[in-house]
$ cat input28.tsv   # TSV, C-alpha atoms
chain	number	residue	atom	x	y	z
I	26	MET	CA	-160.00	-71.40	-208.11
I	27	SER	CA	-159.36	-73.30	-204.89
I	28	ASP	CA	-158.18	-76.89	-204.59
I	29	ASN	CA	-160.51	-79.44	-203.06
I	30	VAL	CA	-159.12	-82.28	-200.99
I	31	CYS	CA	-160.72	-85.67	-200.52
I	32	SER	CA	-159.47	-88.67	-198.54
I	33	VAL	CA	-158.15	-91.83	-200.12
I	34	ALA	CA	-159.74	-95.04	-198.83
I	35	LEU	CA	-158.17	-98.38	-199.65
I	36	GLN	CA	-160.48	-101.33	-200.21
I	37	THR	CA	-158.74	-104.22	-198.50
I	38	ARG	CA	-161.12	-107.14	-199.06
I	39	ASN	CA	-159.58	-109.99	-201.09
I	40	THR	CA	-156.20	-108.24	-201.33
I	41	ALA	CA	-152.92	-110.10	-200.81
I	42	PRO	CA	-151.38	-109.32	-197.38
I	43	TRP	CA	-147.99	-108.33	-198.86
I	44	LEU	CA	-149.74	-105.87	-201.18
I	45	LEU	CA	-151.77	-104.38	-198.33
I	46	LYS	CA	-148.62	-103.83	-196.30
I	47	SER	CA	-146.92	-102.10	-199.23
I	48	LEU	CA	-149.99	-100.01	-200.07
I	49	GLY	CA	-150.51	-99.09	-196.43
I	50	ARG	CA	-147.01	-97.62	-196.27
I	51	ALA	CA	-147.42	-95.85	-199.58
I	52	PHE	CA	-150.84	-94.33	-198.94
I	53	ALA	CA	-150.94	-93.89	-195.16
I	54	GLY	CA	-152.52	-90.51	-194.49
I	55	ALA	CA	-152.48	-89.63	-198.20
I	56	THR	CA	-154.91	-87.18	-199.73
I	57	VAL	CA	-156.07	-86.71	-203.27
I	58	ARG	CA	-155.94	-83.22	-204.72
I	59	CYS	CA	-158.71	-82.90	-207.29
I	60	VAL	CA	-159.06	-79.69	-209.24
I	61	ASP	CA	-162.49	-78.56	-210.50
I	62	PRO	CA	-164.66	-80.42	-209.53
I	63	ALA	CA	-164.07	-82.38	-206.32
I	64	PRO	CA	-165.79	-85.69	-206.96
I	65	SER	CA	-167.67	-87.29	-204.12
I	66	THR	CA	-168.83	-90.08	-206.44
I	67	ALA	CA	-167.73	-91.46	-209.78
I	68	LEU	CA	-167.84	-89.15	-212.75
I	69	TYR	CA	-169.74	-90.25	-215.84
I	70	PHE	CA	-169.34	-89.13	-219.44
I	71	ASP	CA	-172.05	-86.48	-218.95
I	72	ASP	CA	-170.17	-84.96	-215.99
I	73	LEU	CA	-167.02	-84.13	-217.94
I	74	ALA	CA	-166.11	-80.93	-219.75
I	75	LEU	CA	-163.21	-80.02	-222.01
I	76	GLY	CA	-160.36	-78.56	-220.00
I	77	GLN	CA	-161.37	-80.22	-216.74
I	78	ARG	CA	-158.29	-81.28	-214.73
I	79	PHE	CA	-157.60	-83.85	-212.04
I	80	VAL	CA	-154.45	-84.21	-209.92
I	81	SER	CA	-153.69	-87.27	-207.80
I	82	SER	CA	-151.84	-87.47	-204.53
I	83	ALA	CA	-148.16	-88.37	-204.65
I	84	ARG	CA	-146.90	-91.91	-204.26
I	85	GLU	CA	-143.30	-92.86	-203.49
I	86	VAL	CA	-141.58	-95.40	-205.74
I	87	THR	CA	-139.69	-97.81	-203.49
I	88	ASP	CA	-136.90	-100.35	-203.98
I	89	LEU	CA	-139.44	-103.02	-203.09
I	90	ASP	CA	-141.78	-101.81	-205.87
I	91	ILE	CA	-138.95	-102.17	-208.39
I	92	GLU	CA	-137.93	-105.62	-207.13
I	93	ARG	CA	-141.50	-106.91	-207.20
I	94	PHE	CA	-142.20	-105.44	-210.64
I	95	ALA	CA	-139.04	-107.10	-212.00
I	96	ALA	CA	-140.21	-110.42	-210.57
I	97	LEU	CA	-143.76	-110.00	-211.86
I	98	SER	CA	-142.86	-108.76	-215.34
I	99	GLY	CA	-139.70	-110.79	-215.89
I	100	ASP	CA	-137.84	-107.57	-216.78
I	101	HIS	CA	-134.58	-107.99	-214.89
I	102	ASN	CA	-132.62	-105.38	-216.85
I	103	PRO	CA	-129.65	-104.44	-214.63
I	104	LEU	CA	-130.58	-100.75	-214.91
I	105	HIS	CA	-133.45	-101.68	-212.59
I	106	THR	CA	-131.97	-104.50	-210.53
I	107	ASP	CA	-128.19	-104.05	-210.20
I	108	GLU	CA	-126.92	-100.96	-208.41
I	109	ALA	CA	-123.26	-101.54	-209.38
I	110	PHE	CA	-124.20	-101.81	-213.06
I	111	ALA	CA	-126.56	-98.83	-212.88
I	112	ARG	CA	-123.90	-96.63	-211.25
I	113	ARG	CA	-121.86	-96.95	-214.47
I	114	SER	CA	-124.84	-95.93	-216.62
I	115	ILE	CA	-125.98	-92.45	-217.62
I	116	TYR	CA	-128.46	-92.58	-214.70
I	117	ARG	CA	-125.75	-93.12	-212.03
I	118	THR	CA	-128.19	-95.26	-210.00
I	119	ARG	CA	-130.97	-97.78	-210.47
I	120	ILE	CA	-134.14	-96.54	-212.13
I	121	ALA	CA	-137.74	-97.74	-212.01
I	122	HIS	CA	-139.20	-99.56	-215.00
I	123	GLY	CA	-141.17	-97.14	-217.18
I	124	MET	CA	-144.10	-99.55	-217.20
I	125	LEU	CA	-143.97	-99.75	-213.39
I	126	VAL	CA	-144.38	-95.98	-213.22
I	127	GLN	CA	-147.23	-96.16	-215.75
I	128	SER	CA	-148.87	-98.91	-213.71
I	129	LEU	CA	-148.62	-96.73	-210.62
I	130	ALA	CA	-150.31	-93.94	-212.59
I	131	THR	CA	-153.29	-96.16	-213.35
I	132	GLY	CA	-153.46	-97.02	-209.66
I	133	LEU	CA	-153.41	-93.34	-208.73
I	134	VAL	CA	-156.44	-92.62	-210.92
I	135	CYS	CA	-158.22	-95.57	-209.31
I	136	GLU	CA	-157.39	-94.23	-205.86
I	137	MET	CA	-158.93	-90.87	-206.80
I	138	GLY	CA	-162.18	-92.73	-207.47
I	139	ILE	CA	-163.23	-90.34	-210.23
I	140	PHE	CA	-164.10	-93.09	-212.71
I	141	GLU	CA	-164.88	-95.92	-210.28
I	142	GLY	CA	-167.87	-97.82	-211.61
I	143	SER	CA	-168.27	-95.61	-214.68
I	144	THR	CA	-165.39	-96.96	-216.81
I	145	LEU	CA	-166.30	-99.67	-219.30
I	146	GLY	CA	-162.76	-99.93	-220.62
I	147	VAL	CA	-159.41	-98.34	-221.30
I	148	LEU	CA	-159.23	-98.36	-225.09
I	149	GLU	CA	-155.84	-96.77	-225.69
I	150	MET	CA	-152.80	-95.40	-223.90
I	151	GLN	CA	-150.18	-93.44	-225.78
I	152	LEU	CA	-147.00	-92.95	-223.78
I	153	ARG	CA	-143.72	-91.13	-224.14
I	154	PHE	CA	-141.13	-91.78	-221.44
I	155	VAL	CA	-139.45	-88.41	-220.86
I	156	SER	CA	-137.25	-88.86	-217.79
I	157	ALA	CA	-136.25	-91.58	-215.35
I	158	VAL	CA	-137.79	-92.21	-211.95
I	159	ARG	CA	-135.45	-93.37	-209.20
I	160	PRO	CA	-136.18	-95.25	-205.98
I	161	GLY	CA	-137.36	-92.71	-203.41
I	162	ASP	CA	-138.92	-90.38	-205.98
I	163	SER	CA	-142.57	-89.53	-205.50
I	164	VAL	CA	-144.84	-89.43	-208.53
I	165	ARG	CA	-148.28	-87.95	-209.11
I	166	LEU	CA	-150.68	-88.10	-212.04
I	167	GLU	CA	-152.21	-85.09	-213.77
I	168	LEU	CA	-155.17	-85.73	-216.09
I	169	GLY	CA	-156.96	-83.27	-218.38
I	170	VAL	CA	-160.07	-83.78	-220.51
I	171	ILE	CA	-159.00	-83.03	-224.10
I	172	GLU	CA	-161.70	-84.72	-226.19
I	173	LEU	CA	-165.27	-85.91	-225.65
I	174	ASP	CA	-166.96	-88.09	-228.26
I	175	PRO	CA	-170.59	-89.03	-227.54
I	176	ALA	CA	-170.89	-90.99	-230.81
I	177	PRO	CA	-170.47	-94.65	-229.86
I	178	HIS	CA	-173.82	-95.14	-228.18
I	179	PRO	CA	-176.54	-93.25	-226.26
I	180	ARG	CA	-175.45	-95.09	-223.09
I	181	ARG	CA	-171.72	-94.37	-223.28
I	182	GLY	CA	-169.07	-92.07	-224.73
I	183	PHE	CA	-165.34	-91.84	-225.40
I	184	VAL	CA	-163.19	-89.47	-223.37
I	185	ARG	CA	-159.57	-88.72	-224.23
I	186	LEU	CA	-157.43	-87.48	-221.37
I	187	SER	CA	-153.99	-85.93	-221.38
I	188	ALA	CA	-152.00	-87.92	-218.84
I	189	GLN	CA	-148.74	-86.72	-217.34
I	190	VAL	CA	-146.78	-88.43	-214.61
I	191	ILE	CA	-144.82	-85.86	-212.65
I	192	ALA	CA	-141.98	-86.61	-210.21
I	193	LYS	CA	-139.75	-84.66	-207.85
I	194	GLN	CA	-139.84	-80.90	-208.27
I	195	ASP	CA	-142.39	-80.98	-211.09
I	196	GLN	CA	-140.27	-83.00	-213.52
I	197	LEU	CA	-142.27	-84.61	-216.34
I	198	CYS	CA	-141.61	-88.37	-216.44
I	199	ILE	CA	-144.33	-89.75	-218.71
I	200	ASP	CA	-146.30	-87.70	-221.21
I	201	GLY	CA	-149.26	-89.28	-222.91
I	202	SER	CA	-152.97	-89.64	-223.43
I	203	TRP	CA	-155.56	-92.20	-222.41
I	204	THR	CA	-158.83	-92.99	-224.16
I	205	LEU	CA	-161.59	-94.38	-221.94
I	206	LEU	CA	-165.08	-95.63	-222.68
I	207	LEU	CA	-167.36	-94.23	-219.96
I	208	LEU	CA	-170.98	-94.82	-219.08
I	209	ARG	CA	-173.43	-91.94	-219.24
I	210	ARG	CA	-175.43	-91.13	-216.11
I	211	THR	CA	-178.59	-92.11	-217.98
I	212	SER	CA	-177.30	-95.64	-218.71
I	213	PRO	CA	-179.54	-98.38	-217.31
I	214	ILE	CA	-176.47	-100.57	-216.60
I	215	ARG	CA	-175.07	-98.25	-213.95
I	216	PRO	CA	-173.61	-100.18	-211.00
$ encode --input "input28.tsv" --output "structure tokens"
Amino acid sequence: MSDNVCSVALQTRNTAPWLLKSLGRAFAGATVRCVDPAPSTALYFDDLALGQRFVSSAREVTDLDIERFAALSGDHNPLHTDEAFARRSIYRTRIAHGMLVQSLATGLVCEMGIFEGSTLGVLEMQLRFVSAVRPGDSVRLELGVIELDPAPHPRRGFVRLSAQVIAKQDQLCIDGSWTLLLLRRTSPIRP
């Protein structure tokens, strides 16, 4: 099986200038590696099969990401914000907030575009934080289809995905699963 590569395009309309600058640095020249199939449009419930896998491009976690997430979330734990304090911890340096890394993972799936316009909602995320992510580490998201439930309605279905965030040298950082409600291709409310 060969890997298919598709370009990442950022939609910049109505986006804050500081965010565009940050995203531009993070995604400049980035590619998305999608494994079986390579989506050219959004995938709907009917397009998915058990075992199907998707792998995002990598995204570097920066000091600025950590500072801005601390300001946005109000989580100013010194493990994230104070290098002197963090050096005395078991991590020996500052670490990214686990929820920052998870937020980046949701952004990576959006950048892949595989569910753009077909997702009605994220119903559940189960997460286990396995290892720390440090400033300068790059993370990627690996998704796998593990359950398909067509029961809710003829126009939509539930999909459960394994979701792993992987950092430097294939180290597992977050292990979990996501449950999404997706439209079917036959739905009359398609965008």
$ residues_around --input "input28.tsv" --residues "Glu167 of chain I" --least-positions-apart "4" --cutoff "6 Å" --atoms "all atoms listed in the file" --output "ChimeraX atom specification"
/I:79-80,188-189
$ write_last_selection --input "input28.tsv" --atoms "C-alpha atoms" --output "PDB file, keeping the file's coordinate frame"
ATOM      1  CA  PHE I  79    -157.600 -83.850-212.040  1.00  0.00           C
ATOM      2  CA  VAL I  80    -154.450 -84.210-209.920  1.00  0.00           C
ATOM      3  CA  ALA I 188    -152.000 -87.920-218.840  1.00  0.00           C
ATOM      4  CA  GLN I 189    -148.740 -86.720-217.340  1.00  0.00           C
TER       5      GLN I 189
END
$ atom_distance --input "input28.tsv" --atom1 "atom CA of Gly138 of chain I" --atom2 "atom CA of Ala95 of chain I"
27.6 Å
$ axis_aligned_box --input "input28.tsv" --around "segment 88-102 of chain I" --padding-each-side "8 Å" --output "lines of an AutoDock Vina configuration file"
center_x = -138.2
center_y = -105.6
center_z = -210.0
size_x = 27.1
size_y = 26.4
size_z = 29.8
$ closest_residue --input "input28.tsv" --among "I:Ile171, I:Ala74, I:Val158, I:Ala176" --to "Asp88 of chain I" --atoms "all atoms listed in the file"
I:Val158
$ atom_distance --input "input28.tsv" --atom1 "atom CA of Arg112 of chain I" --atom2 "atom CA of Ser98 of chain I"
22.9 Å
$ atom_distance --input "input28.tsv" --atom1 "atom CA of Met124 of chain I" --atom2 "atom CA of Ala192 of chain I"
14.9 Å
$ residues_around --input "input28.tsv" --residues "Arg185 of chain I" --least-positions-apart "6" --cutoff "10 Å" --atoms "all atoms listed in the file" --output "PyMOL selection string"
chain I and resi 75+148-150+168-174+202-206
$ write_last_selection --input "input28.tsv" --atoms "C-alpha atoms" --output "mmCIF file, in the frame of the given file"
data_model
loop_
_atom_site.group_PDB
_atom_site.id
_atom_site.type_symbol
_atom_site.label_atom_id
_atom_site.label_comp_id
_atom_site.auth_asym_id
_atom_site.auth_seq_id
_atom_site.Cartn_x
_atom_site.Cartn_y
_atom_site.Cartn_z
ATOM 1 C CA LEU I 75 -163.210 -80.020 -222.010
ATOM 2 C CA LEU I 148 -159.230 -98.360 -225.090
ATOM 3 C CA GLU I 149 -155.840 -96.770 -225.690
ATOM 4 C CA MET I 150 -152.800 -95.400 -223.900
ATOM 5 C CA LEU I 168 -155.170 -85.730 -216.090
ATOM 6 C CA GLY I 169 -156.960 -83.270 -218.380
ATOM 7 C CA VAL I 170 -160.070 -83.780 -220.510
ATOM 8 C CA ILE I 171 -159.000 -83.030 -224.100
ATOM 9 C CA GLU I 172 -161.700 -84.720 -226.190
ATOM 10 C CA LEU I 173 -165.270 -85.910 -225.650
ATOM 11 C CA ASP I 174 -166.960 -88.090 -228.260
ATOM 12 C CA SER I 202 -152.970 -89.640 -223.430
ATOM 13 C CA TRP I 203 -155.560 -92.200 -222.410
ATOM 14 C CA THR I 204 -158.830 -92.990 -224.160
ATOM 15 C CA LEU I 205 -161.590 -94.380 -221.940
ATOM 16 C CA LEU I 206 -165.080 -95.630 -222.680
#
$ closest_residue --input "input28.tsv" --among "I:Asp100, I:Asp200, I:Glu136, I:Glu92" --to "Ala67 of chain I" --atoms "all atoms listed in the file"
I:Glu136
$ decode --input "input28.tsv" --residues "segment 61-214 of chain I" --atoms "C-alpha atoms" --output "short mmCIF file (atom, residue, chain, number, x, y, z; two decimals), in the first residue's frame"
data_model
loop_
_atom_site.label_atom_id
_atom_site.label_comp_id
_atom_site.auth_asym_id
_atom_site.auth_seq_id
_atom_site.Cartn_x
_atom_site.Cartn_y
_atom_site.Cartn_z
CA ASP I 61 -6.14 4.48 2.31
CA PRO I 62 -7.98 6.38 0.86
CA ALA I 63 -6.64 9.82 -0.11
CA PRO I 64 -9.63 12.09 0.28
CA SER I 65 -10.12 14.82 -2.28
CA THR I 66 -13.41 15.79 -0.62
CA ALA I 67 -15.02 15.22 2.76
CA LEU I 68 -15.74 11.66 3.77
CA TYR I 69 -19.26 10.75 4.82
CA PHE I 70 -20.46 7.88 7.00
CA ASP I 71 -21.03 5.72 3.90
CA ASP I 72 -17.41 6.22 2.77
CA LEU I 73 -15.84 4.72 5.89
CA ALA I 74 -14.81 1.14 6.55
CA LEU I 75 -13.56 -0.62 9.67
CA GLY I 76 -9.79 -0.51 9.84
CA GLN I 77 -9.44 2.56 7.64
CA ARG I 78 -6.57 4.79 8.85
CA PHE I 79 -5.70 8.46 8.50
CA VAL I 80 -2.42 10.16 9.43
CA SER I 81 -2.01 13.94 9.67
CA SER I 82 1.01 16.03 8.92
CA ALA I 83 3.23 17.02 11.84
CA ARG I 84 2.84 20.29 13.70
CA GLU I 85 5.47 21.79 16.00
CA VAL I 86 4.40 22.83 19.51
CA THR I 87 5.97 26.22 20.21
CA ASP I 88 6.64 28.30 23.32
CA LEU I 89 4.15 30.81 21.94
CA ASP I 90 1.46 28.10 21.68
CA ILE I 91 1.98 27.26 25.36
CA GLU I 92 1.93 30.90 26.46
CA ARG I 93 -1.24 31.65 24.50
CA PHE I 94 -2.99 28.50 25.70
CA ALA I 95 -2.16 29.40 29.32
CA ALA I 96 -3.63 32.87 28.77
CA LEU I 97 -6.72 31.52 27.00
CA SER I 98 -7.44 28.66 29.41
CA GLY I 99 -6.32 30.32 32.63
CA ASP I 100 -4.10 27.30 33.36
CA HIS I 101 -0.89 28.94 34.54
CA ASN I 102 0.57 25.86 36.22
CA PRO I 103 4.33 26.51 36.52
CA LEU I 104 5.06 23.21 34.77
CA HIS I 105 3.86 25.01 31.64
CA THR I 106 4.86 28.61 32.33
CA ASP I 107 7.96 28.72 34.56
CA GLU I 108 11.17 27.21 33.21
CA ALA I 109 13.04 27.46 36.55
CA PHE I 110 10.24 25.61 38.35
CA ALA I 111 9.90 23.03 35.57
CA ARG I 112 13.65 22.29 35.59
CA ARG I 113 13.23 20.98 39.15
CA SER I 114 10.33 18.72 38.12
CA ILE I 115 10.44 15.17 36.77
CA TYR I 116 10.19 16.67 33.25
CA ARG I 117 13.37 18.79 33.59
CA THR I 118 11.80 21.48 31.37
CA ARG I 119 8.47 23.11 30.64
CA ILE I 120 5.80 20.91 29.09
CA ALA I 121 2.76 21.68 26.96
CA HIS I 122 -0.70 21.46 28.50
CA GLY I 123 -2.28 18.10 27.69
CA MET I 124 -5.43 19.86 26.53
CA LEU I 125 -3.35 22.11 24.26
CA VAL I 126 -1.95 19.02 22.56
CA GLN I 127 -5.46 17.56 22.28
CA SER I 128 -6.71 20.84 20.81
CA LEU I 129 -3.91 20.72 18.24
CA ALA I 130 -5.02 17.17 17.37
CA THR I 131 -8.53 18.38 16.58
CA GLY I 132 -7.01 21.09 14.41
CA LEU I 133 -4.90 18.52 12.57
CA VAL I 134 -7.98 16.49 11.64
CA CYS I 135 -9.64 19.69 10.41
CA GLU I 136 -6.59 20.50 8.32
CA MET I 137 -6.79 17.06 6.69
CA GLY I 138 -10.29 17.99 5.53
CA ILE I 139 -11.54 14.41 5.74
CA PHE I 140 -14.70 15.28 7.69
CA GLU I 141 -15.13 18.90 6.58
CA GLY I 142 -18.82 19.52 6.04
CA SER I 143 -19.85 15.98 6.96
CA THR I 144 -19.50 16.18 10.76
CA LEU I 145 -22.67 17.02 12.67
CA GLY I 146 -20.94 16.81 16.03
CA VAL I 147 -18.22 15.38 18.21
CA LEU I 148 -20.16 13.34 20.77
CA GLU I 149 -17.37 11.97 22.91
CA MET I 150 -13.62 12.04 23.38
CA GLN I 151 -11.91 9.59 25.70
CA LEU I 152 -8.31 10.54 26.44
CA ARG I 153 -5.37 9.08 28.29
CA PHE I 154 -2.30 11.30 28.57
CA VAL I 155 0.66 8.94 28.18
CA SER I 156 3.74 11.16 27.88
CA ALA I 157 4.63 14.85 27.97
CA VAL I 158 5.11 17.10 24.95
CA ARG I 159 7.80 19.75 25.21
CA PRO I 160 8.23 23.02 23.32
CA GLY I 161 9.86 22.20 19.98
CA ASP I 162 8.32 18.72 19.74
CA SER I 163 6.31 17.98 16.62
CA VAL I 164 3.06 16.06 16.96
CA ARG I 165 0.89 14.23 14.46
CA LEU I 166 -2.51 12.56 14.73
CA GLU I 167 -3.28 8.98 13.73
CA LEU I 168 -6.95 8.02 13.41
CA GLY I 169 -8.45 4.58 12.78
CA VAL I 170 -12.07 3.60 12.18
CA ILE I 171 -12.94 1.10 14.95
CA GLU I 172 -16.75 1.16 15.01
CA LEU I 173 -19.54 2.15 12.63
CA ASP I 174 -23.11 2.42 13.89
CA PRO I 175 -25.74 3.30 11.28
CA ALA I 176 -28.58 3.13 13.84
CA PRO I 177 -29.30 6.74 14.79
CA HIS I 178 -31.02 7.79 11.59
CA PRO I 179 -31.13 7.04 7.84
CA ARG I 180 -29.40 10.39 7.21
CA ARG I 181 -26.51 9.98 9.64
CA GLY I 182 -24.40 7.49 11.58
CA PHE I 183 -21.97 7.24 14.49
CA VAL I 184 -18.31 6.54 13.85
CA ARG I 185 -15.84 5.73 16.62
CA LEU I 186 -12.21 6.43 15.83
CA SER I 187 -9.07 5.41 17.66
CA ALA I 188 -7.09 8.62 18.10
CA GLN I 189 -3.41 8.69 18.96
CA VAL I 190 -1.24 11.77 19.16
CA ILE I 191 2.34 10.84 18.36
CA ALA I 192 5.41 13.02 19.02
CA LYS I 193 9.13 12.86 18.36
CA GLN I 194 10.44 9.48 17.26
CA ASP I 195 7.03 7.81 17.33
CA GLN I 196 6.38 8.35 21.05
CA LEU I 197 2.71 8.00 22.03
CA CYS I 198 1.53 11.14 23.86
CA ILE I 199 -2.26 10.83 23.93
CA ASP I 200 -4.17 7.60 23.45
CA GLY I 201 -7.91 7.76 23.05
CA SER I 202 -11.03 7.48 20.96
CA TRP I 203 -13.43 9.96 19.42
CA THR I 204 -17.09 9.40 18.57
CA LEU I 205 -18.46 11.54 15.74
CA LEU I 206 -21.92 11.91 14.25
CA LEU I 207 -21.49 12.03 10.46
CA LEU I 208 -23.87 12.70 7.63
CA ARG I 209 -24.50 10.02 5.05
CA ARG I 210 -23.90 10.87 1.39
CA THR I 211 -27.62 10.42 0.75
CA SER I 212 -28.58 13.08 3.33
CA PRO I 213 -30.60 15.94 1.86
CA ILE I 214 -28.93 18.41 4.28
#
